[in-house]
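Have a look at final.cif below; it lists mmCIF, C-alpha atoms and all ligand atoms.
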```
data_my_file
loop_
_atom_site.label_atom_id
_atom_site.label_comp_id
_atom_site.auth_asym_id
_atom_site.auth_seq_id
_atom_site.Cartn_x
_atom_site.Cartn_y
_atom_site.Cartn_z
CA MET A 41 -60.50 23.12 40.37
CA TYR A 42 -63.31 22.03 38.00
CA GLY A 43 -61.71 18.61 37.58
CA LEU A 44 -58.77 20.12 35.71
CA SER A 45 -55.67 17.92 35.58
CA ASP A 46 -52.38 19.17 37.08
CA GLU A 47 -51.18 19.79 33.56
CA GLN A 48 -54.26 21.87 32.69
CA GLN A 49 -53.92 23.92 35.88
CA LEU A 50 -50.27 24.61 35.15
CA PHE A 51 -51.11 25.54 31.56
CA ARG A 52 -53.83 27.91 32.77
CA GLU A 53 -51.38 29.61 35.15
CA THR A 54 -48.81 29.98 32.38
CA VAL A 55 -51.30 31.54 29.95
CA ARG A 56 -52.66 33.78 32.72
CA ARG A 57 -49.17 35.11 33.41
CA LEU A 58 -48.43 35.64 29.73
CA ALA A 59 -51.76 37.45 29.27
CA GLN A 60 -51.15 39.68 32.29
CA GLU A 61 -47.58 40.54 31.36
CA ARG A 62 -47.72 40.79 27.58
CA VAL A 63 -51.33 41.17 26.43
CA LEU A 64 -52.94 43.37 29.11
CA PRO A 65 -50.55 46.30 28.49
CA ARG A 66 -51.65 46.32 24.83
CA ALA A 67 -55.41 45.83 25.30
CA ALA A 68 -56.63 49.45 25.50
CA ASP A 69 -54.41 50.51 22.62
CA ILE A 70 -55.57 47.67 20.36
CA ASP A 71 -59.15 48.78 21.02
CA ARG A 72 -58.36 52.45 20.46
CA THR A 73 -56.45 52.02 17.17
CA GLY A 74 -58.60 49.20 15.77
CA GLU A 75 -55.48 47.76 14.18
CA PHE A 76 -54.80 44.04 14.00
CA PRO A 77 -52.19 43.28 16.70
CA TRP A 78 -49.53 41.46 14.70
CA ASP A 79 -47.23 41.56 17.73
CA ILE A 80 -49.76 39.54 19.74
CA ALA A 81 -50.26 37.06 16.87
CA GLU A 82 -46.49 36.60 16.78
CA LEU A 83 -46.36 36.19 20.54
CA PHE A 84 -49.02 33.46 20.33
CA SER A 85 -47.09 31.76 17.52
CA GLU A 86 -43.91 31.89 19.58
CA TYR A 87 -45.66 30.34 22.60
CA GLY A 88 -47.54 27.75 20.54
CA LEU A 89 -50.91 29.21 21.46
CA ILE A 90 -52.09 30.05 17.97
CA GLY A 91 -52.47 26.38 17.07
CA VAL A 92 -52.81 25.04 20.57
CA GLY A 93 -55.92 22.96 19.82
CA MET A 94 -54.62 21.46 16.56
CA PRO A 95 -53.10 17.97 16.43
CA GLU A 96 -49.46 17.64 17.41
CA ASP A 97 -48.55 15.56 14.36
CA LEU A 98 -49.75 18.47 12.19
CA GLY A 99 -47.64 21.03 14.04
CA GLY A 100 -50.24 22.06 16.60
CA GLY A 101 -50.13 21.99 20.38
CA GLY A 102 -52.23 18.82 20.62
CA ALA A 103 -54.34 20.28 23.42
CA ASP A 104 -57.76 18.86 24.13
CA LEU A 105 -60.74 21.21 23.71
CA LEU A 106 -60.96 22.06 27.41
CA THR A 107 -57.29 23.11 27.47
CA PHE A 108 -57.88 25.15 24.30
CA CYS A 109 -60.82 26.86 26.04
CA LEU A 110 -58.62 27.65 29.05
CA ALA A 111 -56.21 29.47 26.74
CA VAL A 112 -58.98 31.50 25.10
CA GLU A 113 -60.59 32.28 28.47
CA GLU A 114 -57.37 33.49 30.09
CA VAL A 115 -56.48 35.76 27.18
CA ALA A 116 -60.07 37.10 26.91
CA ARG A 117 -59.93 38.02 30.57
CA VAL A 118 -57.62 40.87 29.59
CA CYS A 119 -58.24 41.35 25.85
CA ALA A 120 -61.09 39.90 23.78
CA THR A 121 -59.53 40.87 20.45
CA SER A 122 -56.38 38.94 21.30
CA SER A 123 -58.32 35.86 22.35
CA LEU A 124 -60.09 35.96 18.99
CA ILE A 125 -56.75 35.46 17.25
CA ILE A 126 -56.61 31.98 18.80
CA ALA A 127 -60.31 31.23 18.30
CA ALA A 128 -60.45 32.43 14.68
CA GLN A 129 -57.35 30.46 13.74
CA HIS A 130 -59.00 27.37 15.20
CA LEU A 131 -62.22 28.11 13.26
CA GLY A 132 -60.36 28.44 9.95
CA ALA A 133 -58.58 25.13 10.54
CA MET A 134 -61.58 23.19 11.82
CA PRO A 135 -63.33 22.32 8.51
CA ILE A 136 -60.03 20.82 7.35
CA LEU A 137 -59.68 18.90 10.62
CA VAL A 138 -63.24 17.57 10.52
CA ALA A 139 -63.41 16.71 6.83
CA GLY A 140 -59.99 16.95 5.19
CA SER A 141 -58.18 13.89 3.85
CA PRO A 142 -54.86 13.00 5.55
CA GLU A 143 -53.09 14.58 2.56
CA GLN A 144 -55.12 17.82 2.84
CA LYS A 145 -54.44 18.03 6.57
CA GLN A 146 -50.72 17.63 5.94
CA ARG A 147 -50.85 20.24 3.18
CA PHE A 148 -52.85 22.93 4.99
CA ILE A 149 -52.72 22.58 8.78
CA PRO A 150 -49.01 22.98 9.67
CA ASP A 151 -48.86 26.57 8.32
CA ILE A 152 -52.05 27.45 10.21
CA ALA A 153 -50.95 25.73 13.40
CA SER A 154 -47.61 27.55 13.41
CA GLY A 155 -49.21 30.92 12.68
CA LYS A 156 -47.29 31.25 9.40
CA LYS A 157 -50.68 31.73 7.73
CA LEU A 158 -53.75 33.27 9.28
CA SER A 159 -56.93 31.44 8.45
CA ALA A 160 -60.58 32.36 7.88
CA PHE A 161 -63.96 30.66 7.69
CA ALA A 162 -66.07 32.17 4.91
CA LEU A 163 -69.67 31.06 5.35
CA THR A 164 -71.81 34.18 5.85
CA GLU A 165 -73.24 36.09 2.91
CA PRO A 166 -75.38 39.23 2.64
CA GLU A 167 -78.51 37.05 2.26
CA ALA A 168 -77.27 34.01 4.21
CA GLY A 169 -76.47 34.81 7.83
CA SER A 170 -78.49 32.75 10.30
CA ASP A 171 -79.85 30.88 7.28
CA ALA A 172 -76.43 29.58 6.34
CA GLY A 173 -78.05 27.09 3.95
CA GLY A 174 -79.10 30.02 1.74
CA THR A 175 -75.57 30.29 0.31
CA LYS A 176 -75.56 31.93 -3.13
CA THR A 177 -71.83 31.82 -3.83
CA ARG A 178 -71.33 29.42 -6.74
CA ALA A 179 -68.57 26.93 -7.46
CA ILE A 180 -68.69 25.62 -11.02
CA LYS A 181 -66.67 22.58 -12.00
CA ASP A 182 -64.30 23.21 -14.91
CA GLY A 183 -62.20 20.13 -15.68
CA SER A 184 -59.93 19.48 -12.72
CA LYS A 185 -60.75 22.87 -11.17
CA TYR A 186 -63.62 24.82 -9.69
CA ARG A 187 -64.41 28.45 -10.43
CA ILE A 188 -65.86 30.31 -7.45
CA SER A 189 -67.87 33.53 -7.67
CA GLY A 190 -69.85 35.33 -4.99
CA THR A 191 -69.61 37.55 -1.94
CA LYS A 192 -68.91 36.67 1.69
CA VAL A 193 -69.40 39.16 4.51
CA PHE A 194 -68.40 39.55 8.18
CA ILE A 195 -65.38 37.32 7.72
CA THR A 196 -63.00 37.40 10.67
CA ASN A 197 -59.41 37.82 9.38
CA GLY A 198 -60.96 38.15 5.89
CA GLY A 199 -58.36 40.45 4.40
CA LEU A 200 -55.45 38.98 6.34
CA ALA A 201 -55.95 35.24 5.94
CA LYS A 202 -53.83 33.24 3.54
CA SER A 203 -55.96 30.14 4.06
CA VAL A 204 -59.70 30.64 3.59
CA VAL A 205 -62.30 27.89 3.80
CA VAL A 206 -65.15 28.94 1.51
CA PHE A 207 -68.63 27.45 1.33
CA ALA A 208 -70.16 27.60 -2.14
CA SER A 209 -72.98 25.87 -3.95
CA THR A 210 -71.94 23.30 -6.54
CA ASP A 211 -75.61 22.43 -7.17
CA PRO A 212 -78.20 25.10 -6.29
CA SER A 213 -81.07 22.70 -7.10
CA GLN A 214 -80.07 20.67 -4.02
CA GLY A 215 -80.32 23.56 -1.50
CA VAL A 216 -78.23 22.88 1.62
CA ARG A 217 -77.27 19.48 0.18
CA GLY A 218 -75.66 21.25 -2.80
CA ILE A 219 -73.15 23.27 -0.76
CA SER A 220 -69.47 22.29 -0.90
CA ALA A 221 -66.41 23.43 1.09
CA PHE A 222 -63.11 24.52 -0.48
CA VAL A 223 -59.76 25.65 0.86
CA VAL A 224 -58.83 28.78 -1.05
CA ASP A 225 -55.45 30.48 -1.11
CA GLY A 226 -55.97 34.00 0.24
CA GLU A 227 -53.73 35.38 -2.52
CA SER A 228 -55.71 33.81 -5.38
CA SER A 229 -56.33 35.91 -8.43
CA GLY A 230 -59.94 37.14 -8.49
CA LEU A 231 -60.19 37.21 -4.70
CA SER A 232 -60.44 40.76 -3.38
CA VAL A 233 -61.17 42.39 -0.07
CA GLY A 234 -64.18 44.69 -0.02
CA ARG A 235 -65.50 46.64 2.89
CA ILE A 236 -63.66 46.40 6.22
CA GLU A 237 -66.17 46.80 9.03
CA GLU A 238 -65.91 49.55 11.63
CA LYS A 239 -67.07 47.67 14.71
CA MET A 240 -68.44 48.37 18.17
CA GLY A 241 -66.10 45.88 19.84
CA ILE A 242 -63.31 43.37 19.16
CA ARG A 243 -61.93 46.35 17.31
CA GLY A 244 -58.46 45.00 16.62
CA SER A 245 -59.87 41.96 14.86
CA GLN A 246 -60.39 42.49 11.15
CA THR A 247 -63.88 41.77 9.82
CA ALA A 248 -64.02 41.95 6.06
CA GLN A 249 -66.09 41.39 2.97
CA LEU A 250 -64.52 38.98 0.48
CA ASN A 251 -65.37 39.14 -3.21
CA PHE A 252 -64.81 36.05 -5.33
CA ASP A 253 -64.68 36.82 -9.01
CA ASP A 254 -64.03 33.59 -10.93
CA VAL A 255 -61.47 32.37 -8.41
CA VAL A 256 -59.87 29.15 -9.65
CA VAL A 257 -59.43 26.41 -7.04
CA PRO A 258 -57.93 22.98 -7.81
CA GLN A 259 -60.25 20.04 -7.15
CA GLU A 260 -57.68 18.75 -4.62
CA ASN A 261 -58.91 21.59 -2.36
CA LEU A 262 -62.49 20.32 -2.13
CA LEU A 263 -63.12 19.13 1.45
CA GLY A 264 -65.09 15.89 1.64
CA GLY A 265 -67.30 15.38 -1.37
CA GLU A 266 -69.50 17.75 -3.35
CA GLY A 267 -72.62 18.60 -1.37
CA GLU A 268 -71.04 17.88 2.02
CA GLY A 269 -70.18 21.52 2.75
CA PHE A 270 -73.17 22.43 4.91
CA LYS A 271 -72.65 19.48 7.25
CA ILE A 272 -68.94 20.32 7.40
CA ALA A 273 -69.87 23.88 8.42
CA MET A 274 -72.26 22.63 11.11
CA ARG A 275 -69.77 20.09 12.47
CA THR A 276 -67.14 22.83 12.52
CA LEU A 277 -69.36 25.17 14.53
CA ASP A 278 -70.20 22.36 16.97
CA ARG A 279 -66.47 22.20 17.71
CA THR A 280 -65.72 25.93 17.74
CA ARG A 281 -68.69 27.44 19.62
CA PRO A 282 -67.13 26.36 22.94
CA GLY A 283 -64.19 28.63 22.00
CA ILE A 284 -66.55 31.60 21.71
CA ALA A 285 -68.14 30.56 25.00
CA ALA A 286 -64.64 30.59 26.54
CA GLN A 287 -64.01 34.05 25.13
CA ALA A 288 -67.29 35.28 26.64
CA LEU A 289 -66.50 33.68 29.98
CA GLY A 290 -63.06 35.29 30.03
CA ILE A 291 -64.55 38.72 29.30
CA ALA A 292 -67.04 38.26 32.16
CA GLN A 293 -64.36 37.12 34.59
CA GLY A 294 -62.08 40.00 33.60
CA ALA A 295 -64.91 42.48 34.17
CA LEU A 296 -65.67 41.06 37.62
CA ASP A 297 -61.96 41.14 38.58
CA VAL A 298 -61.51 44.82 37.74
CA THR A 299 -64.85 45.76 39.27
CA ILE A 300 -63.99 44.22 42.64
CA GLU A 301 -60.66 46.07 42.69
CA HIS A 302 -62.38 49.34 41.85
CA LEU A 303 -65.08 48.93 44.49
CA LYS A 304 -62.50 48.27 47.19
CA GLN A 305 -60.81 51.58 46.38
CA ARG A 306 -63.72 53.88 45.63
CA ARG A 307 -65.31 55.46 48.69
CA GLN A 308 -68.78 56.98 48.94
CA PHE A 309 -70.82 57.80 52.03
CA GLY A 310 -67.63 57.51 54.08
CA ARG A 311 -66.71 53.90 53.25
CA PRO A 312 -65.54 51.77 50.31
CA LEU A 313 -68.36 51.01 47.87
CA ILE A 314 -67.80 47.29 48.30
CA GLU A 315 -69.24 47.58 51.81
CA GLN A 316 -72.67 48.59 50.43
CA GLU A 317 -75.12 45.70 50.52
CA ALA A 318 -76.82 46.67 47.25
CA ILE A 319 -73.43 46.36 45.55
CA GLN A 320 -72.55 43.11 47.29
CA PHE A 321 -75.77 41.55 45.95
CA MET A 322 -74.85 42.55 42.40
CA LEU A 323 -71.38 41.04 42.82
CA ALA A 324 -72.92 37.84 44.18
CA ASP A 325 -75.12 37.54 41.09
CA MET A 326 -72.17 38.19 38.77
CA GLU A 327 -70.06 35.52 40.47
CA THR A 328 -72.90 32.99 40.43
CA GLN A 329 -73.53 33.48 36.71
CA ILE A 330 -69.83 33.17 35.92
CA GLU A 331 -69.39 29.98 37.95
CA ALA A 332 -72.49 28.34 36.45
CA SER A 333 -71.32 29.28 32.96
CA ARG A 334 -67.84 27.93 33.60
CA HIS A 335 -69.16 24.57 34.76
CA LEU A 336 -71.39 24.25 31.69
CA LEU A 337 -68.58 25.24 29.34
CA TYR A 338 -66.05 22.82 30.81
CA LYS A 339 -68.63 20.02 30.65
CA ALA A 340 -69.42 20.96 27.02
CA ALA A 341 -65.74 20.99 26.10
CA THR A 342 -65.37 17.49 27.52
CA VAL A 343 -68.44 16.20 25.66
CA VAL A 344 -67.24 17.65 22.34
CA GLU A 345 -63.68 16.44 22.91
CA THR A 346 -64.85 12.91 23.63
CA ALA A 347 -66.60 12.80 20.24
CA GLY A 348 -63.38 13.83 18.45
CA PHE A 349 -62.81 15.90 15.30
CA GLU A 350 -64.26 13.42 12.89
CA ALA A 351 -67.53 12.38 14.54
CA VAL A 352 -70.13 12.81 11.82
CA SER A 353 -72.98 14.17 13.90
CA SER A 354 -74.09 13.89 17.48
CA PRO A 355 -77.11 15.61 19.03
CA GLU A 356 -75.31 15.69 22.37
CA VAL A 357 -72.26 17.45 20.95
CA THR A 358 -74.43 19.98 19.08
CA ARG A 359 -76.62 20.67 22.11
CA TYR A 360 -73.80 21.12 24.63
CA SER A 361 -71.80 23.30 22.30
CA ALA A 362 -74.80 25.58 21.68
CA MET A 363 -75.77 25.67 25.38
CA ALA A 364 -72.26 26.72 26.40
CA LYS A 365 -72.13 29.50 23.81
CA LEU A 366 -75.64 30.70 24.76
CA MET A 367 -75.06 30.74 28.48
CA CYS A 368 -71.53 32.13 28.55
CA SER A 369 -72.30 34.93 26.11
CA ASP A 370 -75.48 35.96 27.94
CA THR A 371 -73.46 35.93 31.16
CA ALA A 372 -70.77 38.09 29.56
CA MET A 373 -73.35 40.66 28.47
CA ARG A 374 -75.06 40.78 31.87
CA VAL A 375 -71.86 40.85 33.89
CA THR A 376 -70.16 43.52 31.80
CA THR A 377 -73.32 45.67 31.83
CA ASP A 378 -73.41 45.39 35.62
CA ALA A 379 -69.68 46.14 35.77
CA VAL A 380 -70.26 49.41 33.90
CA GLN A 381 -73.09 50.20 36.31
CA LEU A 382 -70.93 49.51 39.35
CA PHE A 383 -68.17 51.76 38.03
CA GLY A 384 -70.77 54.55 37.73
CA GLY A 385 -69.60 57.47 35.62
CA TYR A 386 -66.13 55.94 35.42
CA GLY A 387 -67.66 52.89 33.74
CA TYR A 388 -68.86 55.02 30.87
CA VAL A 389 -65.49 56.52 29.97
CA ARG A 390 -62.52 55.08 28.17
CA ASP A 391 -60.06 55.46 31.07
CA TYR A 392 -61.34 52.20 32.56
CA PRO A 393 -61.62 48.84 30.78
CA VAL A 394 -65.22 47.90 31.56
CA GLU A 395 -66.84 49.87 28.72
CA ARG A 396 -64.51 48.04 26.28
CA MET A 397 -65.44 44.74 27.88
CA MET A 398 -69.15 45.52 27.51
CA ARG A 399 -68.68 46.37 23.82
CA ASP A 400 -66.58 43.23 23.30
CA ALA A 401 -69.11 41.02 25.10
CA LYS A 402 -71.90 41.94 22.68
CA ILE A 403 -70.40 40.11 19.71
CA THR A 404 -70.31 36.81 21.59
CA GLN A 405 -74.13 36.76 21.49
CA ILE A 406 -74.02 37.26 17.73
CA TYR A 407 -71.17 35.49 15.94
CA GLU A 408 -70.79 31.78 15.33
CA GLY A 409 -74.59 31.76 15.36
CA THR A 410 -76.80 34.25 17.17
CA ASN A 411 -78.18 33.17 20.50
CA GLN A 412 -81.59 32.84 18.87
CA ILE A 413 -80.04 30.21 16.57
CA GLN A 414 -78.39 28.51 19.58
CA ARG A 415 -81.82 28.18 21.20
CA LEU A 416 -83.22 26.69 18.01
CA VAL A 417 -80.34 24.21 17.84
CA ILE A 418 -80.69 23.30 21.53
CA PHE A 419 -84.41 22.67 21.17
CA ARG A 420 -84.04 20.56 18.01
CA ASN A 421 -81.46 18.37 19.72
CA LEU A 422 -83.26 18.29 23.08
CA LEU A 423 -85.94 15.95 21.77
CA GLN A 424 -83.28 13.38 20.94
CA LYS A 425 -81.98 13.34 24.50
CA GLU A 426 -82.38 9.90 26.00
CA ASN A 427 -82.03 10.22 29.76
CA ILE A 428 -83.28 13.35 31.46
N1 LIG B 1 -73.80 18.28 12.51
C1 LIG B 1 -73.96 17.51 11.40
N2 LIG B 1 -74.98 17.68 10.52
C2 LIG B 1 -75.87 18.67 10.78
C3 LIG B 1 -75.76 19.49 11.90
C4 LIG B 1 -74.67 19.28 12.79
N3 LIG B 1 -74.52 20.02 13.88
N4 LIG B 1 -76.78 20.39 11.89
C5 LIG B 1 -77.51 20.12 10.78
N5 LIG B 1 -76.96 19.08 10.12
C6 LIG B 1 -77.46 18.43 8.90
C7 LIG B 1 -78.91 17.96 9.11
O1 LIG B 1 -78.94 16.68 9.67
C8 LIG B 1 -79.44 17.98 7.69
O2 LIG B 1 -78.96 16.81 7.05
P1 LIG B 1 -79.81 16.02 5.89
O3 LIG B 1 -79.77 16.95 4.74
O4 LIG B 1 -79.07 14.76 5.66
O5 LIG B 1 -81.18 15.83 6.44
C9 LIG B 1 -78.71 19.19 7.06
O6 LIG B 1 -77.53 19.41 7.85
C10 LIG B 1 -79.56 20.44 7.06
O7 LIG B 1 -79.87 20.71 8.42
P2 LIG B 1 -81.14 21.55 8.87
O8 LIG B 1 -82.33 21.06 8.14
O9 LIG B 1 -81.19 21.56 10.36
O10 LIG B 1 -80.77 22.99 8.32
P3 LIG B 1 -81.51 24.37 8.49
O11 LIG B 1 -81.41 25.10 7.22
O12 LIG B 1 -82.84 24.20 9.13
O13 LIG B 1 -80.61 25.23 9.53
C11 LIG B 1 -79.25 26.08 11.24
C12 LIG B 1 -79.75 24.91 10.38
C13 LIG B 1 -78.98 25.46 12.58
C14 LIG B 1 -80.21 27.24 11.42
C15 LIG B 1 -77.94 26.58 10.58
O14 LIG B 1 -78.22 27.25 9.36
C16 LIG B 1 -77.11 27.44 11.46
O15 LIG B 1 -76.39 26.97 12.33
N6 LIG B 1 -77.12 28.79 11.24
C17 LIG B 1 -76.22 29.68 11.91
C18 LIG B 1 -75.00 29.86 11.09
C19 LIG B 1 -73.85 30.40 11.88
O16 LIG B 1 -73.57 29.97 12.98
N7 LIG B 1 -73.13 31.32 11.27
C20 LIG B 1 -71.98 31.87 11.87
C21 LIG B 1 -70.97 32.15 10.83
S1 LIG B 1 -69.36 31.90 11.35
C22 LIG B 1 -68.89 33.26 12.19
O17 LIG B 1 -69.60 33.98 12.79
C23 LIG B 1 -67.48 33.32 12.15
C24 LIG B 1 -66.63 34.42 12.41
O18 LIG B 1 -66.05 34.98 11.50
C25 LIG B 1 -66.23 34.62 13.82
#
```
How does this structure look as structure tokens?
Amino acid sequence: MYGLSDEQQLFRETVRRLAQERVLPRAADIDRTGEFPWDIAELFSEYGLIGVGMPEDLGGGGADLLTFCLAVEEVARVCATSSLIIAAQHLGAMPILVAGSPEQKQRFIPDIASGKKLSAFALTEPEAGSDAGGTKTRAIKDGSKYRISGTKVFITNGGLAKSVVVFASTDPSQGVRGISAFVVDGESSGLSVGRIEEKMGIRGSQTAQLNFDDVVVPQENLLGGEGEGFKIAMRTLDRTRPGIAAQALGIAQGALDVTIEHLKQRRQFGRPLIEQEAIQFMLADMETQIEASRHLLYKAATVVETAGFEAVSSPEVTRYSAMAKLMCSDTAMRVTTDAVQLFGGYGYVRDYPVERMMRDAKITQIYEGTNQIQRLVIFRNLLQKENI
């Protein structure tokens, strides 16, 4: 059981049942309409899943990172969009958890942990995607306030979030060392929602452009000190990439589950397809990739958890987090592509879930850092590894 405690196994069973009974029946419709599933967000709030990985004394579930990943994985097994509700909420809270003062945590986290407010992480810009340090959004100090202007793109929950962590440069002459992080009220004057993306997958999740036009933020909302924003963003991603890995793993597992069921039923050449050796070999590869990915992810979750929210930087944490995201998302893409193949013509039509799973899998190789960036991060941190 992957070294899971009794409590973690029970939790996994509970989430699996909830996902099967309440999320699965909505999955195809969420994908078809492309509308944010408020009913699922409310369900997760009711069951304490939306803030499951946030500290208990701040209103969260107090789950360790591995338990958080189990929740994301089990939901993603039936609906990737729904699992992103949990992962994105965690992402929007994480900069506050890694760098917020005790007062800021008390002020911001309980509403995020309870699901009263959706949260967002606004880092990416039109000219600063993989090169997150190229942030152009400006924050100019004005007495006891900052005035933020600029454009953020591809922001999950962008137009829905009431708590938005924004990365903006307080000193462009300092490059990445001049970036600062702010918690911005999603209803601030001057903050508007631009383009809402029409996406290939995770279609019920909203991905929006956010325009900041002289948005006033009190200095009490600055996380850490001026110039600490880039490191806060990196430390955040170290702690959230395992969640994306868990989403990818869940998508892959879900695709394998439905494929096996289909192959047992579908007959060709006078017998069920699952009796064909060529097909059995493909299933064996899918299972092997999923199991290897799961072991790496659970190990990564434990390594990151051991470091805690506030660890300043650790090559081991960064490397494991990136390796888990890289491997699980590549597995998700391969497994879902094979699942579509094994369904044949039925895999290519909307009546069956595997084409949705394949579309959903693709984003896991892109967001929270493309897999090319994960490789770069893994290599940079590999040289600091002590015992091989
Ligand atoms: N923890 C702590 N500090 C870190 C760190 C980490 N993991 N990684 C880097 N740093 C520090 C470095 O030590 C360095 O510090 P000093 O200034 O003191 O020397 C500083 O940050 C700058 O680091 P680098 O020189 O390594 O920076 P870089 O410009 O070469 O690039 C990068 C780093 C890894 C490429 C980074 O830009 C990156 O991760 N890019 C990808 C961004 C990303 O993941 N975006 C996803 C957006 S979120 C999203 O998709 C969300 C969504 O809505 C779902």
Exercise for the section: Write out as a PyMOL selection string the residues lying within 10 Å of Gly132 in chain A, counting only C-alpha atoms and excluding same-chain residues fewer than 5 positions away. Expected result: chain A and resi 127+137+149+152+158-162+196-197+201+203-206+223+276+280
Given 4 Å of margin on each side, can you work out the centre and size in Å (one decimal) of an axis-aligned box holding every listed atom of ligand LIG 1 (chain B), as JSON?
```
{"center_x": -74.4, "center_y": 24.9, "center_z": 9.3, "size_x": 24.8, "size_y": 28.2, "size_z": 17.1}
```
*To one decimal place, how far is CA of Asp278 in chain A from CA of Ile136 in chain A in Å?*
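Rounded to one decimal, the two atoms are 14.1 Å apart.
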**Asked** Residues within 9 Å of ligand LIG 1 (chain B) (all atoms listed in the file), as number ranges by chain?
**Response** A: 124, 127-128, 131-132, 160-164, 168-174, 193-198, 215-217, 247, 268, 270-278, 281, 284, 351-355, 357-359, 406-410, 413-414, 416-417, 420
- request: Between A:Asp253, A:Glu82, A:Leu105, A:Gly230, single out the one closest to Thr346 in chain A, counting all atoms listed in the file.
  value: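 Between A:Asp253, A:Glu82, A:Leu105, A:Gly230, the residue approaching Thr346 in chain A most closely is A:Leu105.
Across the structure, CA of Phe76 in chain A and CA of Phe148 in chain A are spaced 23.0 Å apart.
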- prompt: Of the residues A:Arg62, A:Lys145, A:Arg187, A:Lys365, which is the one nearest to Ala340 in chain A, using only C-alpha atoms?
  reply: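 Checking each of A:Arg62, A:Lys145, A:Arg187, A:Lys365 against Ala340 in chain A, counting only C-alpha atoms, the winner is A:Lys365.
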Next on the checklist: Residues within 9 Å of Tyr42 in chain A, please, as a PyMOL selection string. Count all atoms listed in the file; anything in the same chain fewer than 4 positions from it doesn't count.
Outcome noted: chain A and resi 334-335+338
So that I can check the surroundings of Val255 in chain A, please list as a PyMOL selection string every protein, DNA and RNA residue that reaches within 8 Å of it, counting only C-alpha atoms and ignoring chain neighbours fewer than 3 positions away. chain A and resi 186-189+228-231+252
Students should find that CA of Thr371 in chain A and CA of Ala401 in chain A are spaced 9.0 Å
### Residues within 12 Å of Gln259 in chain A, only C-alpha atoms, excluding chain neighbours under 5 positions, as a list in words
Gln144, Ala179, Ile180, Lys181, Asp182, Gly183, Ser184, Lys185, Tyr186, Arg187, Ile188, Ser220, Ala221, Phe222, Val223, Val224, Gly264, Gly265 and Glu266 of chain A
Produce a file of the selected residues containing C-alpha atoms, as an mmCIF file, in the coordinates of the input.
```
data_model
loop_
_atom_site.group_PDB
_atom_site.id
_atom_site.type_symbol
_atom_site.label_atom_id
_atom_site.label_comp_id
_atom_site.auth_asym_id
_atom_site.auth_seq_id
_atom_site.Cartn_x
_atom_site.Cartn_y
_atom_site.Cartn_z
ATOM 1 C CA GLN A 144 -55.120 17.820 2.840
ATOM 2 C CA ALA A 179 -68.570 26.930 -7.460
ATOM 3 C CA ILE A 180 -68.690 25.620 -11.020
ATOM 4 C CA LYS A 181 -66.670 22.580 -12.000
ATOM 5 C CA ASP A 182 -64.300 23.210 -14.910
ATOM 6 C CA GLY A 183 -62.200 20.130 -15.680
ATOM 7 C CA SER A 184 -59.930 19.480 -12.720
ATOM 8 C CA LYS A 185 -60.750 22.870 -11.170
ATOM 9 C CA TYR A 186 -63.620 24.820 -9.690
ATOM 10 C CA ARG A 187 -64.410 28.450 -10.430
ATOM 11 C CA ILE A 188 -65.860 30.310 -7.450
ATOM 12 C CA SER A 220 -69.470 22.290 -0.900
ATOM 13 C CA ALA A 221 -66.410 23.430 1.090
ATOM 14 C CA PHE A 222 -63.110 24.520 -0.480
ATOM 15 C CA VAL A 223 -59.760 25.650 0.860
ATOM 16 C CA VAL A 224 -58.830 28.780 -1.050
ATOM 17 C CA GLY A 264 -65.090 15.890 1.640
ATOM 18 C CA GLY A 265 -67.300 15.380 -1.370
ATOM 19 C CA GLU A 266 -69.500 17.750 -3.350
#
```
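Among A:Met322, A:Glu327, A:Thr299, A:Arg374, the residue with the shortest atom-to-atom distance to Tyr392 in chain A, counting only C-alpha atoms, is A:Thr299.
Here the question is which of A:Ala295, A:Ala133, A:Met397, A:Ile403 gets nearest to Met94 in chain A using all atoms listed in the file, and that residue is A:Ala133.
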Show me, as CSV, the residues of range 271-366 of chain A having an atom within 12 Å of range 381-385 of chain A, each with the closest atom pair and its distance in Å, using only C-alpha atoms.
```
residue,atom,partner,partner_atom,distance
A:Ala295,CA,A:Phe383,CA,10.6
A:Leu296,CA,A:Leu382,CA,10.1
A:Val298,CA,A:Phe383,CA,9.6
A:Thr299,CA,A:Phe383,CA,7.0
A:Ile300,CA,A:Leu382,CA,9.3
A:Glu301,CA,A:Phe383,CA,10.5
A:His302,CA,A:Phe383,CA,7.3
A:Leu303,CA,A:Phe383,CA,7.7
A:Lys304,CA,A:Phe383,CA,11.3
A:Gln305,CA,A:Phe383,CA,11.1
A:Arg306,CA,A:Phe383,CA,9.1
A:Arg307,CA,A:Phe383,CA,11.6
A:Gln308,CA,A:Gly384,CA,11.6
A:Leu313,CA,A:Leu382,CA,9.0
A:Ile314,CA,A:Leu382,CA,9.7
A:Gln316,CA,A:Leu382,CA,11.3
A:Ala318,CA,A:Leu382,CA,10.3
A:Ile319,CA,A:Leu382,CA,7.4
A:Gln320,CA,A:Leu382,CA,10.3
A:Phe321,CA,A:Leu382,CA,11.4
A:Met322,CA,A:Leu382,CA,8.6
A:Leu323,CA,A:Leu382,CA,9.2
A:Met326,CA,A:Leu382,CA,11.4
```
Worksheet item: Within 12 Å of (-65.7, 33.3, 30.4), in the coordinates the file gives, what residues turn up when you count all atoms listed in the file, written out as a PyMOL selection string?
Response: chain A and resi 109-120+123+282-297+326-327+329-338+364-373+375-376+397+401+404
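Every protein, DNA or RNA residue with an atom at most 9 Å from Gly88 in chain A, where only C-alpha atoms count and chain neighbours fewer than 6 positions away do not, is listed here: Gly100, Gly101, Ala153, Ser154 and Gly155 of chain A.
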